[in-house]
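Asks: A single structure is presented below for examination.
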Amino acid sequence: MGRSSKVIKRPWVFAHGLLLLLGGKMKNFKRFKFILSFLLIFVLGMPINALASEDEFVVGMEVNYAPFNFSQTNDENGAVAVRNSEGEYANGYDVAMAQKIADSLGKKLVIVKTEWDGLAPALTSGKIDAIIAGMSPTPEREKEIDFSDNYYASDLVIVVKKGSKYENAKSLDDFKNSKITGQLNTFHYSVIDQIPSVKKQTAMESFPSMISAVKVGKIDGYVSEKPGAMSAQTSNPDLTYVEFDENKGFKTDPKDTSIAVGLKKGSDLKDKINEILKNIPQKERDEIMQKMVSIGEGDSNISFLGQMKDILAKYGSLFVSGTVNTMAIAIFSTIAGFIIGLFVTMIRKIPVDKKRNPFTFFIHKIINFILVAYIEVFRGTPMMVQSMLIFYGSKQFLNINMDSMPAALFIVSINTGAYLSEVIRGGINSIDNGQFEACKAIGLSHTQTYLSVILPQTIRTILPSIGNEFVVNIKDSSVLNVISVTELFFISKSIAGSTYQIFQTYLVTAIIYFVLTFIVTRLLLLLENRLNVGDFKLESEDLK
(Lines give C-alpha, C1' and ligand atoms only; values in the text may rest on other atoms or scores of the structure.)
Protein backbone atom coordinates (compact mmCIF):
# COMPACT_ATOMS: atom_id res chain seq x y z
CA MET A 1 0.00 0.00 0.00
CA GLY A 2 2.97 2.30 0.40
CA ARG A 3 2.46 5.93 1.37
CA SER A 4 -1.32 5.86 2.07
CA SER A 5 -1.61 2.90 4.39
CA LYS A 6 -1.37 4.54 7.83
CA VAL A 7 -4.41 3.94 10.04
CA ILE A 8 -6.03 7.13 11.30
CA LYS A 9 -8.83 6.71 13.83
CA ARG A 10 -9.89 10.27 14.55
CA PRO A 11 -13.28 11.27 13.08
CA TRP A 12 -11.96 14.43 11.44
CA VAL A 13 -9.13 12.66 9.68
CA PHE A 14 -10.60 13.06 6.21
CA ALA A 15 -10.63 16.86 6.49
CA HIS A 16 -6.99 16.72 7.54
CA GLY A 17 -6.16 14.31 4.77
CA LEU A 18 -7.84 16.53 2.21
CA LEU A 19 -5.89 19.52 3.46
CA LEU A 20 -2.63 17.61 3.20
CA LEU A 21 -3.59 16.39 -0.25
CA LEU A 22 -3.96 19.98 -1.38
CA GLY A 23 -0.37 20.55 -0.42
CA GLY A 24 -0.42 21.86 3.14
CA LYS A 25 0.74 20.70 6.56
CA MET A 26 -1.28 20.75 9.76
CA LYS A 27 0.03 24.21 10.51
CA ASN A 28 -2.16 25.40 7.65
CA PHE A 29 -5.31 23.74 8.97
CA LYS A 30 -6.35 26.86 10.88
CA ARG A 31 -6.00 28.84 7.66
CA PHE A 32 -8.17 26.26 5.90
CA LYS A 33 -10.87 26.53 8.58
CA PHE A 34 -10.72 30.33 8.44
CA ILE A 35 -11.18 30.39 4.65
CA LEU A 36 -14.08 27.93 4.80
CA SER A 37 -15.74 29.85 7.63
CA PHE A 38 -15.31 33.14 5.78
CA LEU A 39 -16.92 31.63 2.68
CA LEU A 40 -19.93 30.36 4.63
CA ILE A 41 -20.40 33.68 6.43
CA PHE A 42 -20.06 35.58 3.15
CA VAL A 43 -22.60 33.45 1.30
CA LEU A 44 -25.12 33.23 4.13
CA GLY A 45 -24.75 36.95 4.74
CA MET A 46 -25.56 37.92 1.17
CA PRO A 47 -28.66 40.06 0.61
CA ILE A 48 -31.72 37.95 -0.12
CA ASN A 49 -35.35 38.61 -0.89
CA ALA A 50 -37.08 39.47 2.32
CA LEU A 51 -40.61 38.11 2.50
CA ALA A 52 -43.33 40.58 1.59
CA SER A 53 -45.16 42.33 4.42
CA GLU A 54 -48.75 43.56 4.50
CA ASP A 55 -47.75 47.18 3.88
CA GLU A 56 -45.83 46.34 0.67
CA PHE A 57 -46.99 46.15 -2.94
CA VAL A 58 -44.59 43.65 -4.55
CA VAL A 59 -44.36 43.98 -8.32
CA GLY A 60 -42.51 41.69 -10.72
CA MET A 61 -40.87 42.86 -13.95
CA GLU A 62 -37.84 42.10 -16.12
CA VAL A 63 -36.17 45.49 -15.68
CA ASN A 64 -34.81 45.17 -19.23
CA TYR A 65 -37.57 46.37 -21.58
CA ALA A 66 -37.12 50.10 -22.14
CA PRO A 67 -39.08 52.35 -22.01
CA PHE A 68 -41.55 50.24 -20.02
CA ASN A 69 -38.98 49.07 -17.45
CA PHE A 70 -35.23 49.45 -17.43
CA SER A 71 -32.21 49.44 -15.16
CA GLN A 72 -30.10 52.22 -13.68
CA THR A 73 -27.66 52.61 -10.80
CA ASN A 74 -29.33 55.44 -8.87
CA ASP A 75 -32.78 56.70 -7.93
CA GLU A 76 -32.87 59.59 -10.41
CA ASN A 77 -36.15 60.35 -12.21
CA GLY A 78 -38.22 58.40 -9.72
CA ALA A 79 -36.38 55.07 -9.98
CA VAL A 80 -37.10 52.43 -7.34
CA ALA A 81 -34.55 50.10 -5.75
CA VAL A 82 -34.72 46.48 -6.92
CA ARG A 83 -35.16 44.25 -3.90
CA ASN A 84 -33.23 41.24 -5.20
CA SER A 85 -30.38 43.16 -6.85
CA GLU A 86 -28.31 45.33 -4.51
CA GLY A 87 -27.32 48.65 -6.09
CA GLU A 88 -29.78 48.35 -8.98
CA TYR A 89 -32.79 50.61 -9.53
CA ALA A 90 -35.77 50.10 -11.82
CA ASN A 91 -37.32 52.90 -13.84
CA GLY A 92 -39.69 53.23 -16.76
CA TYR A 93 -43.36 53.62 -17.55
CA ASP A 94 -44.26 50.43 -15.66
CA VAL A 95 -42.41 51.62 -12.57
CA ALA A 96 -44.11 55.04 -12.67
CA MET A 97 -47.55 53.43 -12.93
CA ALA A 98 -46.71 50.90 -10.23
CA GLN A 99 -45.64 53.76 -7.95
CA LYS A 100 -48.96 55.56 -8.49
CA ILE A 101 -50.87 52.36 -7.70
CA ALA A 102 -48.79 51.67 -4.58
CA ASP A 103 -49.22 55.24 -3.32
CA SER A 104 -52.99 55.06 -3.80
CA LEU A 105 -53.11 51.71 -1.99
CA GLY A 106 -51.12 53.24 0.86
CA LYS A 107 -48.33 50.70 0.45
CA LYS A 108 -44.61 50.77 -0.23
CA LEU A 109 -43.64 49.78 -3.78
CA VAL A 110 -41.22 46.85 -3.96
CA ILE A 111 -39.71 45.79 -7.28
CA VAL A 112 -38.63 42.18 -7.78
CA LYS A 113 -36.59 41.55 -10.90
CA THR A 114 -37.59 38.32 -12.64
CA GLU A 115 -37.06 36.80 -16.09
CA TRP A 116 -40.14 37.01 -18.36
CA ASP A 117 -40.86 33.27 -18.19
CA GLY A 118 -40.72 33.40 -14.40
CA LEU A 119 -43.25 36.22 -13.96
CA ALA A 120 -46.43 34.14 -14.19
CA PRO A 121 -45.16 31.36 -11.85
CA ALA A 122 -43.99 34.04 -9.40
CA LEU A 123 -47.50 35.53 -9.39
CA THR A 124 -49.49 32.30 -9.14
CA SER A 125 -47.21 30.98 -6.38
CA GLY A 126 -47.62 34.18 -4.35
CA LYS A 127 -44.02 35.38 -4.65
CA ILE A 128 -45.26 38.72 -6.01
CA ASP A 129 -48.54 40.64 -5.80
CA ALA A 130 -48.71 41.85 -9.39
CA ILE A 131 -47.03 41.80 -12.78
CA ILE A 132 -46.50 45.26 -14.22
CA ALA A 133 -44.15 44.54 -17.08
CA GLY A 134 -45.68 45.65 -20.37
CA MET A 135 -47.84 42.51 -20.40
CA SER A 136 -50.90 42.28 -22.65
CA PRO A 137 -54.05 40.50 -21.38
CA THR A 138 -54.21 37.87 -24.11
CA PRO A 139 -56.87 35.10 -23.91
CA GLU A 140 -54.17 32.51 -23.18
CA ARG A 141 -52.85 34.49 -20.22
CA GLU A 142 -56.34 35.23 -18.92
CA LYS A 143 -56.81 31.49 -18.39
CA GLU A 144 -54.05 31.55 -15.78
CA ILE A 145 -54.17 35.01 -14.25
CA ASP A 146 -56.53 38.01 -13.95
CA PHE A 147 -55.89 41.42 -15.47
CA SER A 148 -56.85 44.95 -14.53
CA ASP A 149 -58.14 47.50 -16.99
CA ASN A 150 -55.39 48.59 -19.37
CA TYR A 151 -52.93 51.28 -18.33
CA TYR A 152 -51.45 51.80 -21.79
CA ALA A 153 -52.42 51.09 -25.40
CA SER A 154 -50.16 51.25 -28.40
CA ASP A 155 -49.85 50.41 -32.08
CA LEU A 156 -47.81 47.59 -33.49
CA VAL A 157 -44.86 48.51 -35.71
CA ILE A 158 -41.97 46.66 -37.32
CA VAL A 159 -38.41 47.65 -36.44
CA VAL A 160 -36.07 47.52 -39.46
CA LYS A 161 -32.56 48.60 -40.34
CA LYS A 162 -32.27 52.15 -41.60
CA GLY A 163 -31.58 52.19 -45.32
CA SER A 164 -33.14 48.77 -45.94
CA LYS A 165 -35.72 48.28 -48.67
CA TYR A 166 -38.42 48.06 -46.00
CA GLU A 167 -37.70 51.45 -44.43
CA ASN A 168 -40.44 53.23 -46.41
CA ALA A 169 -43.03 50.45 -46.22
CA LYS A 170 -46.63 51.54 -45.63
CA SER A 171 -48.51 48.24 -45.50
CA LEU A 172 -48.03 44.60 -44.61
CA ASP A 173 -47.96 43.81 -48.34
CA ASP A 174 -44.67 45.70 -48.58
CA PHE A 175 -43.10 43.07 -46.29
CA LYS A 176 -43.86 40.19 -48.65
CA ASN A 177 -41.13 37.48 -48.47
CA SER A 178 -39.38 39.31 -45.62
CA LYS A 179 -37.75 37.56 -42.64
CA ILE A 180 -39.64 38.73 -39.55
CA THR A 181 -39.69 37.55 -35.93
CA GLY A 182 -41.14 38.51 -32.55
CA GLN A 183 -40.50 37.94 -28.88
CA LEU A 184 -41.02 34.45 -27.52
CA ASN A 185 -44.30 33.87 -25.64
CA THR A 186 -45.89 37.14 -26.80
CA PHE A 187 -48.75 37.87 -29.20
CA HIS A 188 -46.26 39.84 -31.33
CA TYR A 189 -45.05 36.56 -32.75
CA SER A 190 -48.52 35.32 -33.71
CA VAL A 191 -49.47 38.39 -35.80
CA ILE A 192 -46.53 37.81 -38.16
CA ASP A 193 -48.70 35.30 -40.01
CA GLN A 194 -50.76 38.23 -41.34
CA ILE A 195 -47.84 39.30 -43.57
CA PRO A 196 -48.23 37.80 -47.09
CA SER A 197 -45.68 35.08 -47.92
CA VAL A 198 -43.65 36.03 -44.85
CA LYS A 199 -40.59 33.98 -43.94
CA LYS A 200 -41.42 33.69 -40.27
CA GLN A 201 -38.28 33.29 -38.21
CA THR A 202 -37.84 31.51 -34.90
CA ALA A 203 -39.12 33.56 -31.96
CA MET A 204 -36.38 35.18 -29.87
CA GLU A 205 -36.19 35.49 -26.12
CA SER A 206 -35.64 39.23 -25.81
CA PHE A 207 -35.72 42.52 -27.67
CA PRO A 208 -31.94 42.98 -27.43
CA SER A 209 -31.54 39.66 -29.26
CA MET A 210 -33.88 40.80 -32.01
CA ILE A 211 -32.15 44.15 -32.33
CA SER A 212 -28.82 42.37 -32.77
CA ALA A 213 -30.32 40.12 -35.44
CA VAL A 214 -31.66 43.12 -37.38
CA LYS A 215 -28.38 45.02 -37.18
CA VAL A 216 -26.33 42.14 -38.55
CA GLY A 217 -28.88 41.31 -41.26
CA LYS A 218 -30.02 37.90 -40.03
CA ILE A 219 -33.62 39.12 -40.08
CA ASP A 220 -35.33 42.00 -41.88
CA GLY A 221 -37.30 43.17 -38.88
CA TYR A 222 -39.22 42.34 -35.72
CA VAL A 223 -42.65 43.21 -34.39
CA SER A 224 -42.78 45.67 -31.50
CA GLU A 225 -45.03 48.12 -29.77
CA LYS A 226 -44.30 51.70 -30.73
CA PRO A 227 -42.73 52.86 -27.41
CA GLY A 228 -40.28 49.94 -27.47
CA ALA A 229 -39.41 50.74 -31.08
CA MET A 230 -38.82 54.39 -30.18
CA SER A 231 -36.37 53.42 -27.44
CA ALA A 232 -34.58 50.98 -29.75
CA GLN A 233 -34.19 53.73 -32.35
CA THR A 234 -33.01 56.22 -29.74
CA SER A 235 -30.16 53.94 -28.67
CA ASN A 236 -29.43 52.58 -32.16
CA PRO A 237 -29.42 55.32 -34.82
CA ASP A 238 -28.99 52.70 -37.55
CA LEU A 239 -32.48 51.39 -36.79
CA THR A 240 -35.90 52.79 -37.59
CA TYR A 241 -39.48 51.54 -37.39
CA VAL A 242 -42.36 51.29 -39.83
CA GLU A 243 -45.81 52.65 -38.96
CA PHE A 244 -48.59 51.45 -41.21
CA ASP A 245 -51.28 53.41 -43.01
CA GLU A 246 -54.81 53.02 -41.69
CA ASN A 247 -56.28 49.54 -42.28
CA LYS A 248 -52.99 48.35 -43.81
CA GLY A 249 -51.30 47.20 -40.66
CA PHE A 250 -51.83 44.31 -38.25
CA LYS A 251 -55.40 43.37 -37.36
CA THR A 252 -55.50 42.85 -33.63
CA ASP A 253 -57.91 42.60 -30.78
CA PRO A 254 -57.82 45.77 -28.63
CA LYS A 255 -56.62 43.60 -25.75
CA ASP A 256 -53.57 42.58 -27.75
CA THR A 257 -52.26 46.13 -28.00
CA SER A 258 -53.27 47.04 -24.47
CA ILE A 259 -51.10 46.64 -21.40
CA ALA A 260 -52.60 45.72 -18.05
CA VAL A 261 -51.65 44.74 -14.52
CA GLY A 262 -51.46 40.96 -14.05
CA LEU A 263 -52.99 39.67 -10.83
CA LYS A 264 -53.54 36.32 -9.17
CA LYS A 265 -56.93 34.72 -9.87
CA GLY A 266 -59.51 36.10 -7.46
CA SER A 267 -57.20 38.83 -6.11
CA ASP A 268 -59.01 41.54 -4.16
CA LEU A 269 -56.59 44.07 -5.66
CA LYS A 270 -58.29 44.02 -9.07
CA ASP A 271 -61.20 46.37 -8.26
CA LYS A 272 -58.94 48.68 -6.24
CA ILE A 273 -56.39 48.98 -9.07
CA ASN A 274 -59.11 49.55 -11.67
CA GLU A 275 -60.45 52.43 -9.60
CA ILE A 276 -56.95 53.92 -9.31
CA LEU A 277 -56.34 53.66 -13.06
CA LYS A 278 -59.60 55.48 -13.81
CA ASN A 279 -58.21 58.54 -12.04
CA ILE A 280 -55.04 58.75 -14.16
CA PRO A 281 -55.91 60.83 -17.26
CA GLN A 282 -54.62 59.84 -20.71
CA LYS A 283 -52.65 63.05 -21.02
CA GLU A 284 -50.68 62.23 -17.87
CA ARG A 285 -50.01 58.71 -19.13
CA ASP A 286 -48.67 60.04 -22.43
CA GLU A 287 -46.42 62.52 -20.64
CA ILE A 288 -44.97 59.74 -18.47
CA MET A 289 -44.25 57.61 -21.54
CA GLN A 290 -42.58 60.49 -23.37
CA LYS A 291 -40.43 61.18 -20.33
CA MET A 292 -39.31 57.56 -20.12
CA VAL A 293 -38.43 57.44 -23.81
CA SER A 294 -36.35 60.60 -23.50
CA ILE A 295 -34.38 59.25 -20.49
CA GLY A 296 -32.68 56.76 -22.79
CA GLU A 297 -31.38 59.41 -25.16
CA GLY A 298 -27.59 59.69 -25.26
CA ASP A 299 -24.65 60.46 -27.47
CA SER A 300 -24.86 58.08 -30.41
CA ASN A 301 -21.74 59.44 -32.14
CA ILE A 302 -19.13 57.94 -29.84
CA SER A 303 -17.12 54.91 -30.96
CA PHE A 304 -17.84 51.28 -30.15
CA LEU A 305 -15.05 51.18 -27.56
CA GLY A 306 -16.27 54.50 -26.18
CA GLN A 307 -19.72 53.00 -25.70
CA MET A 308 -18.20 50.03 -23.89
CA LYS A 309 -16.32 52.44 -21.64
CA ASP A 310 -19.54 54.34 -20.92
CA ILE A 311 -21.36 51.11 -20.05
CA LEU A 312 -18.61 50.13 -17.63
CA ALA A 313 -18.57 53.59 -16.09
CA LYS A 314 -22.34 53.69 -15.69
CA TYR A 315 -23.07 50.07 -14.79
CA GLY A 316 -19.73 48.91 -13.39
CA SER A 317 -21.16 48.41 -9.90
CA LEU A 318 -23.89 46.13 -11.29
CA PHE A 319 -21.35 44.05 -13.21
CA VAL A 320 -19.37 43.66 -9.97
CA SER A 321 -22.49 42.69 -8.03
CA GLY A 322 -23.49 40.11 -10.66
CA THR A 323 -19.97 38.70 -10.75
CA VAL A 324 -19.84 38.36 -6.96
CA ASN A 325 -23.19 36.55 -6.93
CA THR A 326 -22.10 34.24 -9.73
CA MET A 327 -18.82 33.31 -8.04
CA ALA A 328 -20.47 32.87 -4.63
CA ILE A 329 -22.99 30.45 -6.12
CA ALA A 330 -20.29 28.56 -8.04
CA ILE A 331 -17.88 28.24 -5.09
CA PHE A 332 -20.48 27.31 -2.49
CA SER A 333 -22.37 24.87 -4.72
CA THR A 334 -19.19 23.12 -5.90
CA ILE A 335 -18.02 22.57 -2.32
CA ALA A 336 -21.50 21.55 -1.12
CA GLY A 337 -22.00 19.41 -4.22
CA PHE A 338 -18.72 17.60 -3.56
CA ILE A 339 -19.78 16.86 0.02
CA ILE A 340 -23.20 15.64 -1.17
CA GLY A 341 -21.62 13.52 -3.89
CA LEU A 342 -19.12 12.03 -1.44
CA PHE A 343 -21.88 11.25 1.06
CA VAL A 344 -24.05 9.60 -1.60
CA THR A 345 -21.16 7.53 -2.95
CA MET A 346 -20.03 6.36 0.48
CA ILE A 347 -23.54 5.20 1.36
CA ARG A 348 -23.84 3.32 -1.92
CA LYS A 349 -20.44 1.68 -1.30
CA ILE A 350 -21.28 0.34 2.18
CA PRO A 351 -20.99 -3.47 2.07
CA VAL A 352 -23.97 -5.25 3.67
CA ASP A 353 -24.08 -9.02 4.13
CA LYS A 354 -27.53 -10.25 3.06
CA LYS A 355 -27.32 -13.46 5.08
CA ARG A 356 -26.07 -11.90 8.31
CA ASN A 357 -28.20 -8.73 8.20
CA PRO A 358 -31.23 -9.30 5.95
CA PHE A 359 -33.17 -6.32 7.35
CA THR A 360 -30.19 -3.96 7.04
CA PHE A 361 -29.61 -5.29 3.52
CA PHE A 362 -33.23 -4.53 2.61
CA ILE A 363 -33.05 -0.98 4.02
CA HIS A 364 -29.76 -0.37 2.23
CA LYS A 365 -31.33 -1.46 -1.05
CA ILE A 366 -34.20 1.00 -0.58
CA ILE A 367 -31.81 3.83 0.24
CA ASN A 368 -29.67 2.86 -2.73
CA PHE A 369 -32.70 3.01 -5.01
CA ILE A 370 -33.60 6.49 -3.73
CA LEU A 371 -30.04 7.74 -4.22
CA VAL A 372 -29.85 6.33 -7.76
CA ALA A 373 -33.22 7.95 -8.54
CA TYR A 374 -31.89 11.27 -7.22
CA ILE A 375 -28.80 10.99 -9.42
CA GLU A 376 -30.76 10.09 -12.55
CA VAL A 377 -33.41 12.79 -12.06
CA PHE A 378 -30.99 15.64 -11.45
CA ARG A 379 -28.60 14.55 -14.19
CA GLY A 380 -31.42 13.91 -16.63
CA THR A 381 -33.35 17.19 -16.35
CA PRO A 382 -32.23 20.79 -17.10
CA MET A 383 -31.29 22.95 -14.16
CA MET A 384 -33.76 25.62 -15.32
CA VAL A 385 -36.63 23.13 -15.01
CA GLN A 386 -35.38 22.08 -11.57
CA SER A 387 -35.23 25.73 -10.53
CA MET A 388 -38.82 26.44 -11.61
CA LEU A 389 -40.21 23.32 -9.95
CA ILE A 390 -38.34 23.74 -6.66
CA PHE A 391 -38.59 27.51 -6.24
CA TYR A 392 -42.17 28.12 -7.39
CA GLY A 393 -43.57 24.63 -6.84
CA SER A 394 -42.49 24.53 -3.20
CA LYS A 395 -44.44 27.73 -2.55
CA GLN A 396 -47.50 26.89 -4.63
CA PHE A 397 -48.01 23.30 -3.50
CA LEU A 398 -46.11 22.95 -0.20
CA ASN A 399 -46.37 26.55 1.05
CA ILE A 400 -42.60 26.66 1.55
CA ASN A 401 -41.49 30.21 0.77
CA MET A 402 -37.84 30.09 -0.29
CA ASP A 403 -35.82 33.22 -1.01
CA SER A 404 -34.02 33.33 -4.32
CA MET A 405 -30.37 33.15 -3.18
CA PRO A 406 -30.79 30.29 -0.68
CA ALA A 407 -32.90 28.50 -3.29
CA ALA A 408 -30.15 29.00 -5.89
CA LEU A 409 -27.48 27.62 -3.56
CA PHE A 410 -29.68 24.61 -2.77
CA ILE A 411 -30.61 23.91 -6.41
CA VAL A 412 -27.10 24.19 -7.84
CA SER A 413 -25.61 22.22 -4.92
CA ILE A 414 -27.90 19.22 -5.30
CA ASN A 415 -27.50 19.36 -9.08
CA THR A 416 -23.73 19.39 -8.69
CA GLY A 417 -23.92 16.63 -6.07
CA ALA A 418 -25.67 14.34 -8.56
CA TYR A 419 -22.90 14.81 -11.12
CA LEU A 420 -20.00 14.62 -8.68
CA SER A 421 -21.34 11.47 -7.02
CA GLU A 422 -20.78 9.66 -10.30
CA VAL A 423 -17.39 11.31 -10.73
CA ILE A 424 -16.34 10.16 -7.25
CA ARG A 425 -17.71 6.67 -7.88
CA GLY A 426 -15.70 6.48 -11.09
CA GLY A 427 -12.58 7.65 -9.25
CA ILE A 428 -13.00 4.97 -6.59
CA ASN A 429 -13.59 2.29 -9.21
CA SER A 430 -10.34 3.27 -10.93
CA ILE A 431 -8.28 2.25 -7.89
CA ASP A 432 -6.80 -1.21 -8.07
CA ASN A 433 -8.74 -3.86 -6.15
CA GLY A 434 -5.47 -5.04 -4.63
CA GLN A 435 -5.45 -2.04 -2.35
CA PHE A 436 -8.88 -2.96 -0.95
CA GLU A 437 -7.70 -6.51 -0.36
CA ALA A 438 -4.49 -5.33 1.30
CA CYS A 439 -6.44 -3.06 3.66
CA LYS A 440 -8.74 -5.92 4.54
CA ALA A 441 -5.77 -8.20 5.14
CA ILE A 442 -4.22 -5.92 7.75
CA GLY A 443 -7.53 -5.49 9.56
CA LEU A 444 -8.72 -2.08 8.39
CA SER A 445 -12.44 -1.50 8.60
CA HIS A 446 -14.48 -0.28 5.62
CA THR A 447 -14.43 3.30 6.96
CA GLN A 448 -10.71 3.22 7.72
CA THR A 449 -9.95 1.87 4.27
CA TYR A 450 -11.75 4.70 2.55
CA LEU A 451 -10.63 7.55 4.82
CA SER A 452 -6.98 6.56 5.03
CA VAL A 453 -6.27 4.94 1.67
CA ILE A 454 -8.91 5.21 -1.04
CA LEU A 455 -10.34 8.72 -0.80
CA PRO A 456 -7.04 10.65 -0.75
CA GLN A 457 -6.05 8.94 -4.00
CA THR A 458 -9.55 9.35 -5.46
CA ILE A 459 -9.66 13.08 -4.82
CA ARG A 460 -6.33 13.59 -6.52
CA THR A 461 -7.55 11.57 -9.52
CA ILE A 462 -10.88 13.39 -9.91
CA LEU A 463 -9.59 16.90 -9.21
CA PRO A 464 -9.74 17.88 -12.93
CA SER A 465 -13.39 16.78 -13.06
CA ILE A 466 -14.21 18.77 -9.93
CA GLY A 467 -12.54 21.79 -11.48
CA ASN A 468 -14.51 21.31 -14.65
CA GLU A 469 -17.75 21.20 -12.65
CA PHE A 470 -16.71 24.43 -10.94
CA VAL A 471 -16.26 26.13 -14.32
CA VAL A 472 -19.61 24.74 -15.49
CA ASN A 473 -21.31 26.16 -12.39
CA ILE A 474 -19.90 29.61 -13.14
CA LYS A 475 -21.58 29.57 -16.55
CA ASP A 476 -24.71 27.57 -15.74
CA SER A 477 -25.72 29.94 -12.97
CA SER A 478 -27.16 32.05 -15.82
CA VAL A 479 -30.33 29.90 -15.84
CA LEU A 480 -31.17 31.05 -12.32
CA ASN A 481 -32.62 34.33 -13.57
CA VAL A 482 -35.99 32.53 -13.84
CA ILE A 483 -36.10 32.48 -10.02
CA SER A 484 -35.01 36.11 -9.65
CA VAL A 485 -31.31 35.49 -8.96
CA THR A 486 -29.37 38.50 -10.20
CA GLU A 487 -26.23 36.75 -11.36
CA LEU A 488 -23.90 38.14 -14.02
CA PHE A 489 -25.92 37.12 -17.08
CA PHE A 490 -29.21 38.51 -15.74
CA ILE A 491 -27.48 41.78 -14.89
CA SER A 492 -26.13 41.88 -18.45
CA LYS A 493 -29.60 41.29 -19.90
CA SER A 494 -30.93 44.21 -17.89
CA ILE A 495 -28.16 46.51 -19.08
CA ALA A 496 -28.59 45.40 -22.70
CA GLY A 497 -32.36 45.81 -22.51
CA SER A 498 -32.05 49.21 -20.87
CA THR A 499 -29.44 50.72 -23.20
CA TYR A 500 -30.13 48.63 -26.33
CA GLN A 501 -26.35 48.52 -26.77
CA ILE A 502 -26.32 44.78 -27.15
CA PHE A 503 -22.92 43.98 -28.63
CA GLN A 504 -21.13 46.34 -26.30
CA THR A 505 -22.82 44.94 -23.19
CA TYR A 506 -22.37 41.29 -24.02
CA LEU A 507 -18.76 41.82 -25.06
CA VAL A 508 -18.09 43.19 -21.57
CA THR A 509 -19.93 40.17 -20.14
CA ALA A 510 -17.97 37.73 -22.29
CA ILE A 511 -14.69 39.26 -21.12
CA ILE A 512 -15.73 38.93 -17.47
CA TYR A 513 -16.75 35.28 -17.92
CA PHE A 514 -13.50 34.54 -19.74
CA VAL A 515 -11.39 36.16 -17.02
CA LEU A 516 -13.23 34.21 -14.31
CA THR A 517 -12.91 30.84 -16.03
CA PHE A 518 -9.33 31.51 -17.13
CA ILE A 519 -8.21 32.33 -13.59
CA VAL A 520 -10.04 29.30 -12.17
CA THR A 521 -8.59 26.88 -14.74
CA ARG A 522 -5.07 28.25 -14.23
CA LEU A 523 -5.34 27.88 -10.45
CA LEU A 524 -6.63 24.33 -10.83
CA LEU A 525 -3.79 23.52 -13.21
CA LEU A 526 -1.26 24.82 -10.68
CA LEU A 527 -2.91 22.72 -7.99
CA GLU A 528 -2.76 19.61 -10.18
CA ASN A 529 0.91 20.21 -10.92
CA ARG A 530 1.64 20.63 -7.24
CA LEU A 531 -0.09 17.37 -6.39
CA ASN A 532 1.89 15.55 -9.02
CA VAL A 533 5.22 16.66 -7.53
CA GLY A 534 6.59 14.56 -4.72
CA ASP A 535 4.87 11.95 -2.57
CA PHE A 536 1.68 12.45 -0.64
CA LYS A 537 2.35 11.66 2.99
CA LEU A 538 0.23 11.53 6.11
CA GLU A 539 2.80 12.03 8.81
CA SER A 540 1.78 11.35 12.40
CA GLU A 541 3.08 14.70 13.63
CA ASP A 542 0.79 16.49 11.17
CA LEU A 543 -2.27 15.04 12.86
CA LYS A 544 -1.46 15.94 16.43
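Chains: A, B, ... in order of the C-alpha coordinates. Residues: from 1 per chain. Ligands: from 1, in order shown.
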For Leu318 in chain A, list every protein, DNA or RNA residue within 7 Å, evaluated using only C-alpha atoms, and leave out those in the same chain fewer than 6 positions away; present the list as a tab-separated table (two decimals) with C-alpha atoms, in the first residue's frame.
Replies:
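The resulting file, result_17.tsv, is shown below:
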chain	number	residue	atom	x	y	z
A	87	GLY	CA	-27.32	48.65	-6.09
A	88	GLU	CA	-29.78	48.35	-8.98
A	491	ILE	CA	-27.48	41.78	-14.89
Asks: Using only C-alpha atoms, which protein or nucleic acid residues come within 10 Å of Lys215 in chain A? Drop anything in the same chain fewer than 3 positions from it, and give the result as a VMD selection string.
Replies: chain A and resid 160 to 162 210 to 212 218 to 221 236 238 to 239
Asks: Which one is closest to Phe70 in chain A: A:Tyr500, A:Phe319, A:Phe518, A:Tyr513? Count only C-alpha atoms.
Replies: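 Using only C-alpha atoms, the shortest distance to Phe70 in chain A belongs to A:Tyr500.
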Asks: Using only C-alpha atoms, pick whichever of A:Ser484, A:Gln307, A:Ser206, A:Thr381 has the shortest atom-to-atom distance to Thr505 in chain A.
Replies: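 Counting only C-alpha atoms, the residue closest to Thr505 in chain A is A:Gln307.
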Asks: Of the candidates A:Pro121, A:Gly306, A:Gly78, A:Gly249, which shows the shortest atom-to-atom distance to Phe391 in chain A, using only C-alpha atoms?
Replies: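 Closest residue, counting only C-alpha atoms: A:Pro121.
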Asks: Give me the residues near Ser104 in chain A as a list in words, where near means some atom within 10 Å (using only C-alpha atoms) and where sequence neighbours in that chain fewer than 2 positions away do not count.
Replies: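 Close residues of Ser104 in chain A: Ala98, Gln99, Lys100, Ile101, Ala102, Gly106, Lys107, Lys272, Ile273, Glu275, Ile276 and Leu277 of chain A.
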Asks: So which residues touch Gly467 in chain A within 7 Å, counting only C-alpha atoms, skipping near sequence neighbours fewer than 4 positions away, as a list of chain:residue names?
Replies: A:Leu463, A:Val471, A:Leu524
Asks: Return as a PyMOL selection string the full set of residues in range 276-337 of chain A whose backbone-based DSSP assignment is alpha helix (DSSP H).
Replies: chain A and resi 276-278+282-295+304-337
Asks: Using only C-alpha atoms, find the one residue out of A:Ile431, A:Leu531, A:Ile295, A:Met327 that sits nearest to Thr517 in chain A.
Replies: A:Met327
Asks: Which residues come within 8 Å of Thr509 in chain A, counting only C-alpha atoms, excluding same-chain residues fewer than 5 positions away, as a PyMOL selection string?
Replies: chain A and resi 488-489+492
